[in-house]
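Chemist: If it helps, the file is called start00.cif and holds mmCIF, C-alpha atoms:
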data_target
loop_
_atom_site.label_atom_id
_atom_site.label_comp_id
_atom_site.auth_asym_id
_atom_site.auth_seq_id
_atom_site.Cartn_x
_atom_site.Cartn_y
_atom_site.Cartn_z
CA MET A 25 -1.17 -1.42 31.73
CA ASP A 26 1.79 0.52 33.01
CA ILE A 27 4.19 2.74 31.14
CA VAL A 28 6.46 -0.17 30.19
CA HIS A 29 3.68 -1.67 28.11
CA TYR A 30 3.40 1.51 26.05
CA VAL A 31 7.15 1.88 25.65
CA ASN A 32 7.30 -1.69 24.41
CA LEU A 33 4.51 -1.00 21.96
CA ALA A 34 6.31 2.09 20.67
CA ILE A 35 9.61 0.22 20.24
CA LYS A 36 7.78 -2.52 18.41
CA ALA A 37 6.10 -0.03 16.08
CA ILE A 38 9.27 1.97 15.38
CA PHE A 39 11.88 -0.75 15.01
CA VAL A 40 10.73 -4.36 15.14
CA GLU A 41 7.61 -4.05 13.00
CA ASN A 42 8.60 -0.95 11.08
CA ILE A 43 5.56 -0.11 9.00
CA LEU A 44 7.66 0.52 5.90
CA LEU A 45 10.36 -2.12 6.10
CA ALA A 46 8.35 -5.00 7.56
CA PHE A 47 4.88 -4.33 6.14
CA PHE A 48 5.86 -2.41 3.01
CA LEU A 49 3.31 0.33 3.62
CA GLY A 50 3.79 3.76 2.09
CA ASN A 51 6.30 2.42 -0.39
CA CYS A 52 5.20 4.59 -3.32
CA SER A 53 5.83 7.93 -1.67
CA TYR A 54 8.90 6.44 0.00
CA ILE A 55 10.49 5.82 -3.39
CA ALA A 56 9.20 8.97 -5.03
CA CYS A 57 10.22 11.37 -2.25
CA SER A 58 13.51 9.93 -1.01
CA LYS A 59 15.65 11.63 -3.64
CA LYS A 60 16.37 14.68 -1.49
CA ILE A 61 16.93 14.79 2.27
CA ASP A 62 14.86 17.97 2.75
CA THR A 63 11.83 16.47 1.05
CA ALA A 64 12.24 13.27 3.02
CA ILE A 65 12.35 15.13 6.34
CA GLY A 66 9.29 17.22 5.42
CA LEU A 67 7.26 14.23 4.36
CA GLY A 68 8.44 12.21 7.37
CA ILE A 69 7.29 14.88 9.83
CA ALA A 70 3.97 15.26 8.01
CA VAL A 71 3.37 11.51 8.23
CA ILE A 72 4.12 11.43 11.97
CA PHE A 73 1.74 14.32 12.43
CA VAL A 74 -1.14 12.86 10.46
CA MET A 75 -0.72 9.33 11.76
CA VAL A 76 -0.72 10.32 15.42
CA ILE A 77 -4.00 12.19 14.89
CA CYS A 78 -5.75 9.86 12.47
CA THR A 79 -5.18 6.54 14.23
CA PRO A 80 -6.99 7.60 17.45
CA ALA A 81 -9.65 9.39 15.38
CA CYS A 82 -10.35 6.16 13.52
CA TRP A 83 -10.36 4.33 16.85
CA ALA A 84 -13.03 6.68 18.17
CA VAL A 85 -15.23 6.30 15.10
CA LYS A 86 -14.93 2.54 15.19
CA HIS A 87 -15.53 2.36 18.92
CA PHE A 88 -18.51 4.70 19.10
CA LEU A 89 -20.19 4.18 15.72
CA LEU A 90 -19.18 1.14 13.73
CA ALA A 91 -18.32 -1.85 15.94
CA LYS A 92 -20.99 -4.37 16.87
CA GLY A 93 -23.21 -2.92 19.57
CA ALA A 94 -21.34 0.39 19.50
CA LEU A 95 -24.49 2.40 18.88
CA GLN A 96 -25.89 1.33 22.25
CA TRP A 97 -25.18 4.77 23.66
CA VAL A 98 -27.70 6.25 21.21
CA ASN A 99 -30.52 3.86 21.91
CA ALA A 100 -30.68 0.50 23.65
CA ASN A 101 -32.56 -0.93 20.65
CA LEU A 102 -29.49 -0.46 18.47
CA ASN A 103 -27.59 -3.07 20.49
CA GLY A 104 -27.37 -5.60 17.68
CA VAL A 105 -26.39 -3.22 14.89
CA ASP A 106 -23.05 -4.11 13.31
CA LEU A 107 -21.73 -1.54 10.86
CA SER A 108 -18.18 -2.85 10.72
CA PHE A 109 -18.42 -3.42 6.95
CA LEU A 110 -18.30 0.37 6.64
CA ILE A 111 -14.84 0.51 8.23
CA PHE A 112 -12.90 0.97 4.99
CA ILE A 113 -14.97 3.80 3.62
CA SER A 114 -15.24 5.62 6.95
CA PHE A 115 -11.51 5.32 7.69
CA ILE A 116 -10.49 6.68 4.31
CA ALA A 117 -13.02 9.49 4.66
CA ILE A 118 -11.66 10.35 8.12
CA ILE A 119 -8.11 10.37 6.82
CA ALA A 120 -8.95 12.53 3.82
CA ALA A 121 -10.94 14.94 5.97
CA MET A 122 -8.28 15.04 8.69
CA THR A 123 -5.47 15.86 6.30
CA GLN A 124 -7.61 18.66 4.91
CA ILE A 125 -8.36 20.05 8.39
CA ILE A 126 -4.76 19.71 9.52
CA GLU A 127 -3.62 21.54 6.42
CA MET A 128 -6.03 24.41 7.07
CA LEU A 129 -5.05 24.62 10.75
CA ILE A 130 -1.34 24.66 9.97
CA GLU A 131 -1.89 27.29 7.32
CA LYS A 132 -3.71 29.47 9.85
CA PHE A 133 -1.43 29.08 12.85
CA SER A 134 2.01 28.41 11.43
CA PRO A 135 2.62 29.67 7.90
CA ALA A 136 6.29 28.67 8.19
CA LEU A 137 5.41 25.04 8.90
CA HIS A 138 2.82 25.18 6.16
CA GLY A 139 5.45 26.36 3.74
CA ALA A 140 7.58 23.36 4.63
CA LEU A 141 4.86 20.69 4.75
CA GLY A 142 2.26 22.27 2.46
CA ILE A 143 2.61 20.21 -0.68
CA PHE A 144 3.00 16.93 1.21
CA LEU A 145 -0.18 17.03 3.25
CA PRO A 146 -2.66 16.37 0.41
CA LEU A 147 -0.43 13.55 -0.83
CA ILE A 148 -0.67 11.85 2.52
CA ALA A 149 -4.39 11.17 2.17
CA VAL A 150 -3.54 8.40 -0.27
CA ASN A 151 -0.43 7.20 1.53
CA CYS A 152 -1.21 3.63 2.42
CA ALA A 153 0.85 3.81 5.62
CA ILE A 154 -1.83 5.96 7.27
CA LEU A 155 -4.76 3.74 6.28
CA GLY A 156 -2.59 0.71 7.06
CA ALA A 157 -1.90 1.92 10.59
CA ALA A 158 -5.61 2.54 11.12
CA LEU A 159 -6.50 -0.94 9.84
CA PHE A 160 -3.83 -2.59 12.00
CA MET A 161 -5.26 -0.71 14.97
CA ASP A 162 -8.67 -2.15 14.11
CA GLN A 163 -7.37 -5.68 13.54
CA ARG A 164 -5.31 -5.82 16.74
CA ASN A 165 -8.06 -4.31 18.89
CA TYR A 166 -5.93 -1.60 20.45
CA ASN A 167 -7.49 0.62 23.11
CA PHE A 168 -7.37 4.41 22.87
CA MET A 169 -3.96 4.98 24.50
CA GLU A 170 -2.45 2.09 22.56
CA SER A 171 -3.71 3.53 19.29
CA VAL A 172 -2.11 6.91 20.09
CA VAL A 173 1.21 5.22 20.89
CA PHE A 174 0.96 2.97 17.83
CA GLY A 175 0.21 5.94 15.57
CA LEU A 176 3.17 7.86 16.95
CA GLY A 177 5.53 4.88 16.76
CA GLY A 178 4.42 3.93 13.27
CA GLY A 179 4.91 7.50 12.05
CA ILE A 180 8.37 7.80 13.60
CA GLY A 181 9.39 4.45 12.14
CA TRP A 182 8.25 5.51 8.67
CA ALA A 183 10.03 8.87 8.94
CA LEU A 184 13.21 7.16 10.14
CA ALA A 185 13.22 4.81 7.18
CA ILE A 186 12.61 7.47 4.51
CA ILE A 187 15.20 9.86 5.96
CA ALA A 188 17.80 7.10 6.15
CA MET A 189 17.06 6.12 2.55
CA ALA A 190 17.31 9.72 1.35
CA ALA A 191 20.73 9.99 2.98
CA ILE A 192 21.90 6.79 1.28
CA ARG A 193 20.57 7.87 -2.10
CA LYS A 194 22.39 11.16 -1.80
CA LYS A 195 25.66 9.29 -1.48
CA LEU A 196 24.64 7.00 -4.34
CA ALA A 197 24.46 9.93 -6.74
CA TYR A 198 28.20 9.64 -7.20
CA SER A 199 28.39 5.91 -7.80
CA ASN A 200 28.36 4.14 -11.12
CA ILE A 201 25.28 1.91 -11.11
CA PRO A 202 24.27 -0.18 -14.17
CA ALA A 203 21.71 1.92 -16.06
CA PRO A 204 18.66 -0.40 -15.78
CA LEU A 205 19.24 -0.72 -12.03
CA ARG A 206 19.20 3.02 -11.39
CA GLY A 207 16.31 4.55 -9.48
CA LEU A 208 13.74 1.96 -8.47
CA GLY A 209 15.94 -1.13 -8.73
CA ILE A 210 18.78 0.01 -6.50
CA THR A 211 16.34 1.55 -4.03
CA MET A 212 14.62 -1.81 -3.67
CA LEU A 213 17.90 -3.63 -3.09
CA LEU A 214 18.94 -1.05 -0.50
CA SER A 215 15.56 -1.29 1.22
CA GLY A 216 16.12 -5.02 1.43
CA LEU A 217 19.43 -4.46 3.21
CA MET A 218 17.87 -1.89 5.53
CA SER A 219 15.01 -4.24 6.25
CA MET A 220 17.52 -6.95 7.19
CA GLY A 221 19.18 -4.46 9.51
CA PHE A 222 15.88 -3.63 11.17
CA MET A 223 15.17 -7.33 11.68
CA CYS A 224 18.02 -7.39 14.19
CA PHE A 225 15.80 -5.40 16.53
CA ALA A 226 13.44 -8.37 16.81
CA GLY A 227 13.03 -9.55 20.36
CA ILE A 228 13.99 -6.29 22.07
CA ARG A 229 11.72 -5.70 25.07
CA LEU A 230 12.07 -3.64 28.19
CA MET B 24 -17.60 5.32 -31.21
CA GLY B 25 -17.21 4.21 -34.79
CA GLU B 26 -14.08 2.25 -34.14
CA ALA B 27 -13.55 -1.47 -33.66
CA LEU B 28 -13.56 -2.80 -30.10
CA LEU B 29 -9.99 -3.96 -30.46
CA SER B 30 -8.62 -1.42 -32.91
CA SER B 31 -4.88 -0.92 -33.08
CA LYS B 32 -5.17 2.07 -30.74
CA ASN B 33 -6.95 -0.05 -28.18
CA GLN B 34 -4.42 -2.82 -28.56
CA LYS B 35 -1.75 -0.27 -27.80
CA ILE B 36 -3.57 0.62 -24.57
CA LEU B 37 -3.46 -3.04 -23.59
CA LYS B 38 0.19 -3.45 -24.47
CA ASP B 39 1.24 -0.23 -22.74
CA GLY B 40 -0.38 -1.16 -19.46
CA PHE B 41 1.03 -4.64 -19.52
CA TRP B 42 4.59 -4.09 -20.64
CA ASP B 43 5.81 -0.66 -21.81
CA THR B 44 4.40 1.31 -18.89
CA ASN B 45 3.99 -1.57 -16.47
CA PRO B 46 2.48 -0.10 -13.29
CA ILE B 47 5.07 -1.60 -10.96
CA THR B 48 8.34 -1.42 -12.85
CA PHE B 49 7.70 1.73 -14.88
CA GLN B 50 5.13 3.87 -13.06
CA ILE B 51 6.36 2.76 -9.61
CA LEU B 52 2.81 2.33 -8.36
CA GLY B 53 1.30 -0.30 -6.11
CA ILE B 54 4.55 -1.60 -4.73
CA CYS B 55 3.34 -2.03 -1.16
CA SER B 56 0.96 -4.87 -1.89
CA ALA B 57 3.25 -6.41 -4.50
CA LEU B 58 5.73 -7.06 -1.72
CA ALA B 59 3.40 -7.79 1.14
CA VAL B 60 1.06 -10.47 -0.17
CA THR B 61 3.50 -12.54 -2.20
CA THR B 62 4.82 -15.02 0.36
CA GLN B 63 2.26 -17.52 -0.96
CA LEU B 64 1.17 -17.85 -4.58
CA LYS B 65 -2.50 -18.31 -3.66
CA ALA B 66 -2.67 -14.97 -1.84
CA ALA B 67 -0.88 -13.30 -4.74
CA ILE B 68 -3.43 -14.64 -7.24
CA VAL B 69 -6.41 -13.57 -5.16
CA MET B 70 -4.90 -10.13 -4.67
CA SER B 71 -4.22 -9.78 -8.41
CA LEU B 72 -7.80 -10.68 -9.29
CA GLY B 73 -9.11 -8.26 -6.68
CA LEU B 74 -6.97 -5.40 -7.88
CA THR B 75 -7.70 -6.00 -11.56
CA PHE B 76 -11.42 -6.03 -10.80
CA VAL B 77 -11.24 -2.82 -8.79
CA THR B 78 -9.06 -0.99 -11.32
CA ALA B 79 -11.17 -1.96 -14.32
CA GLY B 80 -14.46 -1.42 -12.48
CA SER B 81 -13.63 1.94 -11.00
CA ASN B 82 -12.14 3.09 -14.31
CA VAL B 83 -15.46 2.35 -16.03
CA VAL B 84 -17.58 4.01 -13.34
CA ILE B 85 -15.43 7.14 -13.13
CA SER B 86 -15.22 7.34 -16.91
CA LEU B 87 -19.03 7.19 -17.15
CA ILE B 88 -19.51 10.05 -14.70
CA ARG B 89 -16.35 11.98 -15.55
CA ASN B 90 -18.22 14.91 -17.06
CA PHE B 91 -20.39 15.38 -13.97
CA ILE B 92 -17.66 15.36 -11.31
CA PRO B 93 -16.74 18.83 -10.07
CA PRO B 94 -12.95 18.99 -10.26
CA GLN B 95 -12.50 20.25 -6.69
CA ILE B 96 -13.98 17.16 -5.11
CA ARG B 97 -12.91 14.56 -7.65
CA ILE B 98 -10.51 12.82 -5.26
CA ILE B 99 -13.23 12.13 -2.71
CA VAL B 100 -15.62 10.93 -5.45
CA GLN B 101 -12.93 8.58 -6.74
CA LEU B 102 -12.20 7.28 -3.24
CA THR B 103 -15.89 6.60 -2.65
CA VAL B 104 -16.27 4.59 -5.85
CA VAL B 105 -13.10 2.63 -5.12
CA SER B 106 -14.09 1.98 -1.50
CA ALA B 107 -17.46 0.63 -2.54
CA LEU B 108 -15.81 -1.88 -4.89
CA VAL B 109 -13.20 -2.85 -2.29
CA ILE B 110 -15.84 -3.40 0.39
CA SER B 111 -17.72 -5.79 -1.88
CA ILE B 112 -14.51 -7.75 -2.56
CA ASP B 113 -13.67 -7.87 1.14
CA GLN B 114 -17.13 -9.14 2.07
CA LEU B 115 -16.99 -11.79 -0.68
CA LEU B 116 -13.58 -13.00 0.51
CA ARG B 117 -14.75 -13.18 4.12
CA ALA B 118 -17.79 -15.18 3.10
CA TYR B 119 -16.20 -17.68 0.71
CA MET B 120 -12.43 -17.70 1.26
CA PHE B 121 -11.94 -16.91 4.92
CA ASP B 122 -8.42 -18.33 5.20
CA VAL B 123 -7.16 -16.22 2.29
CA SER B 124 -8.94 -13.20 3.71
CA LYS B 125 -7.12 -13.73 7.03
CA GLN B 126 -3.81 -14.10 5.22
CA LEU B 127 -4.27 -10.93 3.17
CA SER B 128 -5.26 -9.15 6.42
CA VAL B 129 -5.24 -5.38 5.97
CA PHE B 130 -4.06 -5.50 2.38
CA VAL B 131 -7.51 -5.99 0.85
CA GLY B 132 -8.56 -2.74 2.47
CA LEU B 133 -5.39 -1.13 1.26
CA ILE B 134 -6.46 -1.62 -2.38
CA ILE B 135 -8.32 1.66 -1.72
CA THR B 136 -5.07 3.55 -1.37
CA ASN B 137 -3.24 1.41 -3.91
CA CYS B 138 -1.70 4.03 -6.12
CA ILE B 139 -2.42 2.01 -9.30
CA VAL B 140 -6.15 2.49 -8.88
CA MET B 141 -5.96 6.20 -8.10
CA GLY B 142 -3.20 6.74 -10.63
CA ARG B 143 -5.17 5.23 -13.52
CA LEU B 144 -8.33 7.09 -12.51
CA GLU B 145 -6.49 10.41 -12.53
CA ALA B 146 -4.34 9.75 -15.57
CA PHE B 147 -6.73 7.86 -17.81
CA ALA B 148 -10.36 7.45 -16.78
CA MET B 149 -10.90 11.19 -16.19
CA GLY B 150 -10.26 11.88 -19.87
CA ASN B 151 -11.28 8.80 -21.84
CA PRO B 152 -14.50 6.96 -22.75
CA PRO B 153 -15.61 3.89 -20.73
CA TRP B 154 -14.50 1.08 -23.06
CA LYS B 155 -10.97 2.46 -23.41
CA SER B 156 -10.83 3.02 -19.64
CA PHE B 157 -11.95 -0.54 -19.07
CA LEU B 158 -9.15 -1.84 -21.31
CA ASP B 159 -6.65 0.41 -19.58
CA GLY B 160 -7.73 -0.85 -16.15
CA LEU B 161 -7.57 -4.43 -17.36
CA ALA B 162 -4.12 -4.01 -18.87
CA ASN B 163 -2.67 -2.31 -15.81
CA GLY B 164 -4.25 -4.93 -13.60
CA ALA B 165 -2.68 -7.63 -15.77
CA GLY B 166 0.73 -5.98 -15.67
CA TYR B 167 0.51 -5.80 -11.90
CA SER B 168 -0.73 -9.40 -11.69
CA ALA B 169 2.13 -10.69 -13.82
CA ILE B 170 4.75 -9.22 -11.49
CA LEU B 171 2.84 -10.30 -8.39
CA ILE B 172 2.45 -13.89 -9.57
CA LEU B 173 6.09 -14.07 -10.62
CA ILE B 174 7.25 -12.88 -7.19
CA GLY B 175 4.72 -15.19 -5.56
CA ILE B 176 6.03 -18.25 -7.41
CA VAL B 177 9.69 -17.56 -6.63
CA ARG B 178 9.08 -16.69 -3.01
CA GLU B 179 6.89 -19.71 -2.31
CA ILE B 180 9.24 -22.19 -3.99
CA LEU B 181 12.42 -20.83 -2.44
CA GLY B 182 10.90 -19.86 0.88
CA SER B 183 8.73 -22.83 1.76
CA GLY B 184 9.45 -25.38 -0.97
CA THR B 185 5.80 -25.48 -2.01
CA LEU B 186 3.64 -24.16 -4.84
CA LEU B 187 -0.02 -23.42 -4.11
CA GLY B 188 0.48 -25.50 -0.97
CA TYR B 189 1.83 -28.62 -2.73
CA HIS B 190 5.41 -29.72 -2.10
CA VAL B 191 7.40 -29.29 -5.28
CA ILE B 192 10.94 -29.77 -4.01
CA PRO B 193 11.42 -33.55 -3.63
CA ALA B 194 12.36 -34.97 -0.24
CA SER B 195 15.57 -36.39 -1.72
CA VAL B 196 16.85 -32.84 -2.24
CA TYR B 197 16.26 -32.08 1.42
CA ALA B 198 18.05 -35.33 2.29
CA GLN B 199 21.11 -33.96 0.48
CA GLY B 200 21.15 -31.11 2.97
CA TYR B 201 19.05 -28.49 1.12
CA VAL B 202 17.17 -26.10 3.38
CA ASN B 203 14.43 -23.63 2.56
CA ASN B 204 15.62 -20.06 2.30
CA GLY B 205 13.91 -18.43 5.27
CA MET B 206 14.78 -14.94 4.08
CA MET B 207 12.42 -15.30 1.11
CA VAL B 208 9.44 -15.49 3.45
CA LEU B 209 10.52 -12.34 5.29
CA ALA B 210 10.48 -8.74 4.15
CA PRO B 211 14.07 -8.42 2.79
CA GLY B 212 13.56 -11.29 0.33
CA ALA B 213 10.65 -9.42 -1.24
CA PHE B 214 12.67 -6.24 -1.62
CA PHE B 215 15.63 -8.04 -3.23
CA LEU B 216 13.41 -10.00 -5.59
CA LEU B 217 11.48 -6.96 -6.79
CA GLY B 218 14.74 -5.08 -7.25
CA ILE B 219 16.06 -7.87 -9.44
CA ILE B 220 12.81 -8.13 -11.44
CA VAL B 221 12.84 -4.39 -12.08
CA TRP B 222 16.46 -4.65 -13.18
CA ILE B 223 15.70 -7.44 -15.67
CA GLN B 224 12.51 -5.84 -17.00
CA ARG B 225 14.21 -2.50 -17.55
CA ALA B 226 17.25 -4.11 -19.14
CA ILE B 227 14.95 -5.75 -21.70
CA SER B 228 12.56 -2.86 -22.30
CA GLY B 229 15.43 -0.36 -22.40
CA TYR B 230 13.83 2.13 -20.02
CA LYS B 231 16.31 4.31 -18.11
CA GLU B 232 15.68 6.53 -15.12
CA SER B 233 17.49 9.85 -15.23
#
Would you kindly transcribe this structure into C-alpha cells?
Modeler:
Amino acid sequence: MDIVHYVNLAIKAIFVENILLAFFLGNCSYIACSKKIDTAIGLGIAVIFVMVICTPACWAVKHFLLAKGALQWVNANLNGVDLSFLIFISFIAIIAAMTQIIEMLIEKFSPALHGALGIFLPLIAVNCAILGAALFMDQRNYNFMESVVFGLGGGIGWALAIIAMAAIRKKLAYSNIPAPLRGLGITMLLSGLMSMGFMCFAGIRL
Amino acid sequence: MGEALLSSKNQKILKDGFWDTNPITFQILGICSALAVTTQLKAAIVMSLGLTFVTAGSNVVISLIRNFIPPQIRIIVQLTVVSALVISIDQLLRAYMFDVSKQLSVFVGLIITNCIVMGRLEAFAMGNPPWKSFLDGLANGAGYSAILILIGIVREILGSGTLLGYHVIPASVYAQGYVNNGMMVLAPGAFFLLGIIVWIQRAISGYKES
C-alpha cells in the first residue's frame, strides 16, 4: 500500500473510469448546468468538495455501524448483526446532512465562497454522482484512505468533464445546429465523443 | 372526487407523461440510468419496472401525506419514502434475481437520486390528489421505460448480436464478415444513441429548446 497505489487509484477515478463519462453519473446537473463556464466551474468545485467529504463519511458509517459484525465495538453480543440493508437510506441521509452542514460552515467562514457556491450546494444532495461514488466505495470494499482518494478523484473527474463541456457549448452557441438537435441532443452526441476520448486513457498505470 | 377514473383530464396526464413531456427527452431527467443499464435488454426491463414502481408508489404516498409535510423538511421526507421503496426493490432483486441485481450494481440504489422520482414528487404529487399522482407516476415511468427499452434493444442487438440473451443475428451473417459493434456496449455508444433518439423524438413532437 504505497503511494503509487493511491496515485493509480486517483488516475483511474479521474480519467479511465470517469464517473460522468464512463458511468453516466450526475448527468442531469451536467446537462442543466453546462451552459455557462462560470456555473460549471462553481458546480464542479462544489462537487469535488462534497464528494471528498461524503465518501469517507459514508465509509465510516458503513464500517462502524452497518456492515456485518460492525457493531462488535458496542457489545460483543452484537457480533452477528447485519444492518447492510440500511445502506441506501443512511448514505442518502449522510449526504443530505453533509451538504447542509458544509453549506452552513462555508457561509460562516467564507462568505465569498458561499456567494459563489451557495445555490449549488443544496442541488448536490440529489446529484447521483455523490451517492454513486459512495455506493461504488461500498461495492469495491475500499479502505479509508482509498475512499478519500476515490472521492477526490471522482470529484475532479466530474468537474473536468462538466467544465470541458461548458467550454464546448460556449463555442457551439455560434453554430447552426438543426433545431430538434439543439440543447440535449447535441450535448449527448458531444458527450459521446468526449467519452471516446477519455477511453484512450484506459490502461495507463504508473 | 366526482370525476371518472379515466376522465379526459386524467388521460391527458397519462399522455403528457408518456409523450409530450417525456421525462427523458423533454424534462431531461433520469438520464444517468437510461444510459448505464441499457447494454442488455433484460437489465433495462428490470430497471424500468423498478423505476415505474418507485415513481408511482412514492407519488401516491407523498400525495396522501402532502398536507402534513412541513415545507422546510419536505426534501428529507421525500427521500425517506423513496429510499424505503428502493430498499424493498433491492432486497427483492437480491433474493430472486441475483444475476440481474449484480448487473445493475449501484444503479438500483441510484433510483433514490433519480431525478424523475424527485422531480415528479416536487412538481406533481405535492399538489395533486393520490389517484392523479398515481397516474402521473405511471405515465412518467412508462415514458422512461419506453426510451430505456428502445435503447436496450438497439444496444444489445448491435453490441452483442443477442436479444434477451438469445442470438438473433444468424451465423451466416457473421460468416460474411460481420462483426459486433463493440462501441455499442461501451459508454460512447449509449451517448450517441440517446442523442439520436432525442433528435428523432423532438423532430416529431416539434419541441424546440431555446
Chemist: Considering only C-alpha atoms, state which residue in the set A:Phe48, A:Pro204, A:Phe112, A:Ala34 is at the smallest distance from Thr61 in chain B.
Modeler: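 Of all the options, A:Phe48 lies closest to Thr61 in chain B.
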Chemist: Given a cut-off of 7 Å, which residues of chain A touch chain B, counting only C-alpha atoms, written out as a ChimeraX atom specification?
Modeler: /A:45-52,112-113,150-152,156,159-160,203-207,209-210,212-213,215-217,219-220
Chemist: What does the PyMOL selection byres ((chain B and resi 174-184) around 8) select in this file, as a list in words?
Modeler: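 Against this file, the PyMOL selection byres ((chain B and resi 174-184) around 8) returns the residues Thr61, Thr62, Gln63, Leu64, Ala67, Ile170, Leu171, Ile172, Leu173, Thr185, Leu186, His190, Val191, Ile192, Asn203, Asn204, Gly205, Met206, Met207, Val208, Gly212, Ala213, Leu216 and Leu217 of chain B.
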Chemist: Please list as number ranges by chain every residue within 12 Å of Ile125 in chain A, counting only C-alpha atoms and excluding residues in the same chain fewer than 2 positions away.
Modeler: A: 74, 77-78, 118-123, 127-132, 145-146, 149
Chemist: Run the PyMOL selection byres ((chain A and resi 82) around 9) on the file and write out the hits as a ChimeraX atom specification.
Modeler: /A:77-81,83-87,111,114-115,118-119,158-159,161-162
Chemist: Report the distance between CA of Ser71 in chain B and CA of Ser168 in chain B in Å, rounded to one decimal place.
Modeler: 4.8 Å
Chemist: By how many Å are CA of Pro152 in chain B and CA of Ser53 in chain A apart?
Modeler: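 So the answer is 29.3 Å.
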Chemist: Just so the selection is clear, what residues does the PyMOL selection byres ((chain A and resi 38) around 8) cover here, as a PyMOL selection string?
Modeler: chain A and resi 34-37+39-43+177-182
Chemist: Determine the nearest neighbour of Val69 in chain B from the options B:Met120, B:Leu87, B:Ala162, B:Ile92, counting only C-alpha atoms.
Modeler: B:Met120
Chemist: Looking at only C-alpha atoms, which of B:Gln199, B:Gln101, B:Asn33, B:Asn90 is the one that sits closest to Val77 in chain B?
Modeler: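 Between B:Gln199, B:Gln101, B:Asn33, B:Asn90, the residue approaching Val77 in chain B most closely is B:Gln101.
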Chemist: If you measure from CA of Ile192 in chain A to CA of Met75 in chain A, what distance in Å do you get, rounded to one decimal?
Modeler: 25.1 Å
Chemist: Between A:Leu95, A:Met189, A:Val71, A:Val28, which is the closest to Leu176 in chain A once you count all atoms listed in the file?
Modeler: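 Closest candidate: A:Val71.
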